[in-house]
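Coordinates from run_0.txt are shown below (compact mmCIF, C-alpha atoms).
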```
# COMPACT_ATOMS: atom_id res chain seq x y z
CA MET S 52 31.52 -2.73 -79.89
CA PRO S 53 29.24 -5.00 -81.96
CA GLU S 54 25.51 -4.62 -81.38
CA TYR S 55 23.01 -7.47 -81.36
CA LEU S 56 19.26 -7.90 -81.33
CA ILE S 57 17.88 -10.72 -79.21
CA SER S 58 14.22 -11.22 -80.09
CA PHE S 59 11.27 -13.55 -80.03
CA ASN S 60 8.15 -13.78 -82.15
CA ASP S 61 4.82 -13.58 -80.41
CA GLU S 62 3.75 -16.83 -82.08
CA TRP S 63 6.57 -18.75 -80.41
CA VAL S 64 4.98 -18.12 -77.03
CA PRO S 65 1.89 -20.03 -75.88
CA GLU S 66 -1.06 -18.09 -74.52
CA HIS S 67 -0.47 -16.81 -70.99
CA THR S 68 -2.77 -15.44 -68.34
CA GLU S 69 -2.00 -12.00 -66.92
CA ALA S 70 -0.64 -13.67 -63.78
CA GLN S 71 1.68 -15.88 -65.86
CA LEU S 72 2.94 -12.84 -67.78
CA GLN S 73 3.67 -11.08 -64.49
CA GLU S 74 5.63 -14.17 -63.36
CA LYS S 75 7.65 -14.05 -66.60
CA ALA S 76 8.35 -10.35 -66.05
CA ALA S 77 9.56 -11.11 -62.53
CA SER S 78 11.79 -13.95 -63.76
CA VAL S 79 13.42 -11.89 -66.53
CA ARG S 80 13.87 -8.68 -64.51
CA PRO S 81 17.05 -9.92 -62.75
CA VAL S 82 18.60 -10.84 -66.12
CA ILE S 83 17.86 -7.37 -67.53
CA GLU S 84 19.27 -5.81 -64.35
CA GLU S 85 22.42 -7.93 -64.70
CA MET S 86 22.75 -6.91 -68.36
CA THR S 87 22.39 -3.27 -67.34
CA GLU S 88 24.97 -3.59 -64.56
CA ALA S 89 27.36 -5.27 -67.03
CA GLY S 90 26.92 -2.28 -69.35
CA VAL S 91 25.69 -4.37 -72.31
CA TYR S 92 21.95 -3.58 -72.27
CA LEU S 93 20.99 -0.80 -74.68
CA PHE S 94 17.18 -1.03 -74.64
CA GLY S 95 14.35 -3.51 -75.06
CA ASN S 96 10.66 -4.24 -74.71
CA GLY S 97 8.69 -7.44 -74.28
CA GLY S 98 5.18 -6.12 -74.76
CA LEU S 99 4.84 -6.25 -78.54
CA ASP S 100 2.27 -8.26 -80.48
CA ALA S 101 -0.21 -7.80 -83.32
CA SER S 102 -2.36 -5.56 -81.12
CA SER S 103 0.49 -3.07 -80.62
CA VAL S 104 0.89 -2.24 -84.32
CA LEU S 105 0.20 1.47 -84.76
CA CYS S 106 0.37 1.65 -88.54
CA SER S 107 2.26 0.63 -91.64
CA VAL S 108 3.75 3.09 -94.07
CA THR S 109 4.74 2.67 -97.69
CA ALA S 110 5.99 5.12 -100.28
CA GLN S 111 3.92 6.01 -103.33
CA ASP S 112 5.11 8.64 -105.79
CA GLY S 113 7.58 9.95 -103.22
CA GLU S 114 4.91 10.40 -100.53
CA PRO S 115 4.24 8.29 -97.43
CA ILE S 116 0.98 6.32 -97.41
CA PHE S 117 -0.15 5.31 -93.93
CA THR S 118 -2.37 2.31 -93.26
CA ASP S 119 -3.84 1.41 -89.87
CA GLY S 120 -2.52 -1.87 -88.51
CA PRO S 121 -0.26 -4.33 -90.27
CA TYR S 122 0.15 -3.80 -94.00
CA VAL S 123 0.83 -7.43 -94.81
CA GLU S 124 -1.03 -10.21 -93.07
CA SER S 125 1.55 -12.33 -91.32
CA LYS S 126 1.42 -15.16 -88.85
CA GLU S 127 4.52 -13.85 -87.13
CA HIS S 128 4.76 -10.67 -85.08
CA LEU S 129 7.68 -9.45 -83.04
CA GLY S 130 6.87 -10.18 -79.42
CA GLY S 131 9.80 -8.57 -77.69
CA PHE S 132 13.45 -7.73 -77.99
CA ALA S 133 16.61 -6.58 -76.29
CA ALA S 134 19.31 -4.59 -78.05
CA ILE S 135 22.74 -5.22 -76.57
CA ALA S 136 26.35 -4.21 -77.24
CA VAL S 137 28.82 -6.96 -76.39
CA PRO S 138 32.35 -7.82 -77.56
CA ASP S 139 31.50 -10.90 -79.64
CA ASP S 140 29.01 -13.55 -80.77
CA GLU S 141 29.74 -15.73 -77.76
CA ALA S 142 28.70 -12.97 -75.36
CA ALA S 143 25.52 -12.36 -77.39
CA ARG S 144 24.72 -16.07 -77.21
CA TYR S 145 25.30 -16.02 -73.46
CA TRP S 146 22.74 -13.26 -72.87
CA ALA S 147 20.24 -14.79 -75.30
CA GLY S 148 20.56 -18.05 -73.39
CA ARG S 149 19.94 -16.29 -70.10
CA LEU S 150 16.79 -14.69 -71.54
CA ALA S 151 15.57 -17.97 -73.05
CA VAL S 152 15.95 -19.75 -69.70
CA ALA S 153 14.36 -16.93 -67.67
CA LEU S 154 11.37 -16.68 -70.02
CA ASP S 155 11.22 -20.34 -71.08
CA TRP S 156 10.61 -19.46 -74.71
CA PRO S 157 12.87 -19.31 -77.78
CA GLN S 158 15.07 -16.35 -78.60
CA GLU S 159 16.75 -15.40 -81.87
CA VAL S 160 20.03 -13.50 -82.11
CA HIS S 161 20.90 -11.07 -84.91
CA ARG S 162 24.20 -9.23 -85.29
CA PHE S 163 23.81 -5.71 -86.63
CA PRO S 164 26.28 -4.84 -89.38
CA PRO S 165 28.78 -2.18 -88.33
CA SER S 166 27.34 1.29 -88.70
CA VAL S 167 29.01 3.86 -90.92
CA GLU S 168 30.06 5.81 -87.83
CA THR S 169 31.77 2.82 -86.18
CA SER S 170 33.35 1.36 -89.31
CA ALA S 171 34.76 4.59 -90.80
CA THR S 172 38.46 5.18 -90.43
CA PRO S 173 39.90 8.69 -89.98
```

Could you take the file, read its structure, and then write that structure out as structure tokens?
Amino acid sequence: MPEYLISFNDEWVPEHTEAQLQEKAASVRPVIEEMTEAGVYLFGNGGLDASSVLCSVTAQDGEPIFTDGPYVESKEHLGGFAAIAVPDDEAARYWAGRLAVALDWPQEVHRFPPSVETSATP
């Protein structure tokens, strides 16, 4: 089954108080529960922003080089995501729409290319 990433950038979301964030969590919880019951929800997290970056890693001479925080300064940071497995693009759009309405902020949908395991023929 095709897999999709529904995501939003932290910068797309206006500043919220802790109480407002808790309201958003309460409004999206039923959608996540419905996705889970439908068997399409793989995993997700909505608590990402620039402050959650652990490190960046690059390769130099075949060795990893770790840097604290973001490696490249960027105005955009992933804010949250849901990975889903649904039959087609229309179903992915449906769930992204449900999340956008529940959260009242934009969502972006990406279709993962088929993995080697799922696209190989015996």

Looking at all atoms listed in the file, which of S:Ala142, S:Ala151, S:Val64, S:Ala136 is the one that sits closest to Leu93 in chain S?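 Nearest candidate to Leu93 in chain S out of S:Ala142, S:Ala151, S:Val64, S:Ala136: S:Ala136.
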
Provide the CA of Gly97 in chain S to CA of His161 in chain S distance in Å, to one decimal place.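 Rounded to one decimal, the two atoms are 16.6 Å apart.
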
Figure out the distance between CA of Ser58 in chain S and CA of Leu129 in chain S, please, to one decimal in Å.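 Between CA of Leu129 in chain S and CA of Ser58 in chain S the gap is 7.4 Å.
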
Tell me which residues come within 7 Å of (23.9, -5.4, -75.5), as an mmCIF file with C-alpha atoms, in the coordinates of the input, counting all atoms listed in the file in the file's coordinates.
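That gives us point-v6.cif:
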```cif
data_model
loop_
_atom_site.group_PDB
_atom_site.id
_atom_site.type_symbol
_atom_site.label_atom_id
_atom_site.label_comp_id
_atom_site.auth_asym_id
_atom_site.auth_seq_id
_atom_site.Cartn_x
_atom_site.Cartn_y
_atom_site.Cartn_z
ATOM 1 C CA GLU S 54 25.510 -4.620 -81.380
ATOM 2 C CA TYR S 55 23.010 -7.470 -81.360
ATOM 3 C CA VAL S 91 25.690 -4.370 -72.310
ATOM 4 C CA TYR S 92 21.950 -3.580 -72.270
ATOM 5 C CA LEU S 93 20.990 -0.800 -74.680
ATOM 6 C CA ALA S 134 19.310 -4.590 -78.050
ATOM 7 C CA ILE S 135 22.740 -5.220 -76.570
ATOM 8 C CA ALA S 136 26.350 -4.210 -77.240
ATOM 9 C CA VAL S 137 28.820 -6.960 -76.390
#
```

With distances taken over only C-alpha atoms, which of S:Gly148, S:Pro65, S:Gly130, S:Pro157 is nearest to Val104 in chain S? S:Gly130
